[in-house]
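Asks: Would you mind keeping the following structure in view while I ask a few things?
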Amino acid sequence: MRMVRSSFDYAFGEAQGMSVAIVLALSLFGLAVAFFYSSSVSKVAIDMGVEDEGIRGRLKKIHAAIAAGAMAFLKQEYKFMAIFMVVFAAIIAILIDDHHTDYVNEGIYTAVAFVFGAIISIASGYIGMKIATAGNVRTTVSANQSLSDAFNLALRSGAVMGFALVSLASLGMLLIYLGLKYVMPEQLPPHILMEVIAGFGLGGSSIALFARVGGGIFTKAADVGADLVGKVEAGIPEDDPRNPAVIADNVGDNVGDVAGMGADLFGSCAESTCAAMVISAIAFAGNVDALLYPIVISAIGIPVSLLTILMVKVTLERQVGPALKRMLIISSVLMAIAMYFVTMQLVPAEFAIAGETYTNLGVYLCFLTGLIAGLVVGLLTEYYTSDSYGPVKEVAESCQTGTATNIIFGLALGYKSAVGPYLAIGLAIYIPWMLAGMYGVAIASLGMLGTLVIALTIDAYGPVADNAGGIAEMASMEEHVRQRTDVLDAAGNTTAAMGKGFAIGAAILTSLALFAAFLTRADLLLKEENGPEFDLLGSINLLDPMVFTGLFIGAVLPALFTAMTMKSVGSAAYKMIEEVRRQFKTIPGIMEGTGDPDYEQCVAISTQAAIKEMIAPGILIMGAPLVTGFLFGIQATAGLLAGSLVAGGVLAISASNSGGAWDNAKKYIEAGNLGGKGTDNHKAAVVGDTVGDPLKDTSGPSLNILIKLSAILSLVFVPFFVQYGGILVG
């Protein structure tokens, strides 16, 4: 008979402590900050300071087209997501039931957590998309006033995404903990509750699958189509209103780099937190402050990030790029200071996990290691993708001998660029493991995400600034407006590349933390099944053919996934290219500027292609660990996860950085170097950038989802694997 708690007051009273108060207060504070920044952006009129009636009309028309296109895509995507959520929640409820706890079917509660996490992730992406499409045109008109006004407005638009997402993630995880603690049986072992909460992370990561993959396909189909036909074939400038794909391209910036990135990092935050809580559940069963410490890490980042934003001012062009980088450094320093005192207060001076004794100082050093590693990965990414440094200039110079050498140098740069980040991540694994075991690795992943508000703010700033420049061009605003938006956009390109590097690094550490939680949970269940002497870690041997085969299969999954997503972009871009060519040929006066392109048709093509093409990669990601666990068991699944993690991280970094380098090499030439626009060097650079587009904005970043979602799926489905898995091996 179930002994369900009689009142929420009892549940909250038992859980009441400093951690609950901190998370609740700071999450609500963060939402208030997001609302304030959203209001300050919305108060700016979209035609502020513009006297020319023609320009005012074009601004309103372009803004409406971009906003409508973005919302139309989200509406179609959310329909697909809703069906997926219902079906997969039912699968979770049916298949996940730890038979050792016969007084509760944890699958039902895990399904509830899954749906809640998915809804929070969807809400975060919607908020980010809404404010980004509101902030772009307002950044354009602010640039008509001053560079400082434009920078502040773009940054505030990004800040709405940053503060809202992290606040919702922290508040959501706290509420799901308190809610489940209230409704689940009183005698439930603490580790079961934490394992059920892992469903929240699975929900967030599942939505990230569609947002990242679907958004990436949308944006690159439009971008490739616009560039190849407009810039290369027709010889018209980027963001020229005569290009039918230009609105779809601007919509894609928001779809991929705002909603997609937001869902990706929401998933990382939720998954790392769940992993840490699963690993430490038994050790901190009677200490709620320590148990919820992983959620507190994210919450502390909220006031730290606000203070950082208030400390950074921009008045001159040369200050824009350094200001964004300085925000990352300042927030990292402030976070390191604040978390020392928080860790000393909330985590016991000594505690034991899996028979090993650790200290709160060791936990803080784990956090600090992850924080520093995240900053190092970001700075290394900047070095390899910014045109201020040698690697990108070398790629640009290779254009002097044609497209082939440009592509060769870009690929070489990407492969080489993976070395430094992997060494940093390797240290961020080894040091925490020595200090606090698998729990230390999970805390290090949260350390890398400690400045998540700032990372999201800077990343969402990029598409807003990019759209602002496009709107200035399409609305035929004065030259000084485009010059100012170009300054903002150039800085945004570099920080966007840094953001992708940061997201990939966070995904790698998050996946490893989930892998550790998967092994921890599986070991506990198998001990109940086979006796306390059973040692899962001892049974996972690289020389075991099942583990070794799993490694090989896992290692090839990222390559297959990359091929699928690149081909999806190619197929979608093909349809876009055909449509743009058709309009150039059939619409009278389009090249003279007297005929209006059919922008809506291009948006519809990208939307339909994105929804259709994301299905197969999604099945691959979700099907591989489930099929492996069911057919071959825990050991094979462990090999699969390890192989996909190691190979996927390298491929993600190299692909993303190659694409970023090609993009900025093109912009380096467009700035007047090596002959400037219109030269053969520039044409070679444009082709290289087009090749790199699906790498840096679709395949590379989407590999984050492959390695994370596989791991958290395996974690959530451990009871199913233990009870029914390995049917082909006995």
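Starting from 1 in every chain, residues are counted up; chains themselves are A, B, ... following the order of the structure tokens, and ligands are numbered from 1 as listed.
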Please provide the set of residues having any atom within 8 Å of stretch 629-635 of chain A, restricted to only C-alpha atoms, with same-chain residues fewer than 6 positions apart removed, written as a list of chain:residue names.

Replies: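 In the requested form, the answer reads A:Ala522, A:Ser539, A:Ile540, A:Met546, A:Val547, A:Ser714, A:Phe720, A:Phe721, A:Val722, A:Tyr724, A:Gly725, A:Gly726, A:Ile727, A:Leu728, A:Val729.
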
Asks: Select from stretch 281-509 of chain A everything DSSP, run on the backbone, classes as strand (DSSP E or B), then give the selection as number ranges by chain.

Replies: A: 350-353, 356-359

Asks: Check the smallest atom-to-atom distance from each of A:Ala655, A:Met576, A:Leu31, A:Leu324 to A:Gly225 using only C-alpha atoms, then report the winner.

Replies: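 The shortest atom-to-atom distance to A:Gly225 comes from A:Met576.
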
Asks: Give me the residues within 7 Å of stretch 426-434 of chain A as a list in words, counting only C-alpha atoms and dropping any in the same chain fewer than 5 places off.

Replies: Cys366, Thr369, Gly370, Ala373, Gly440, Val441 and Ala444 of chain A

Asks: I need the residues of stretch 184-234 of chain A that end up classed as alpha helix (DSSP H) by DSSP on the backbone, written out as number ranges by chain.

Replies: A: 190-225

Asks: Between A:Ile407, A:Ala418, A:Ile425, A:Ile590, single out the one closest to A:Val691, counting only C-alpha atoms.

Replies: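 Between A:Ile407, A:Ala418, A:Ile425, A:Ile590, the residue approaching A:Val691 most closely is A:Ile407.
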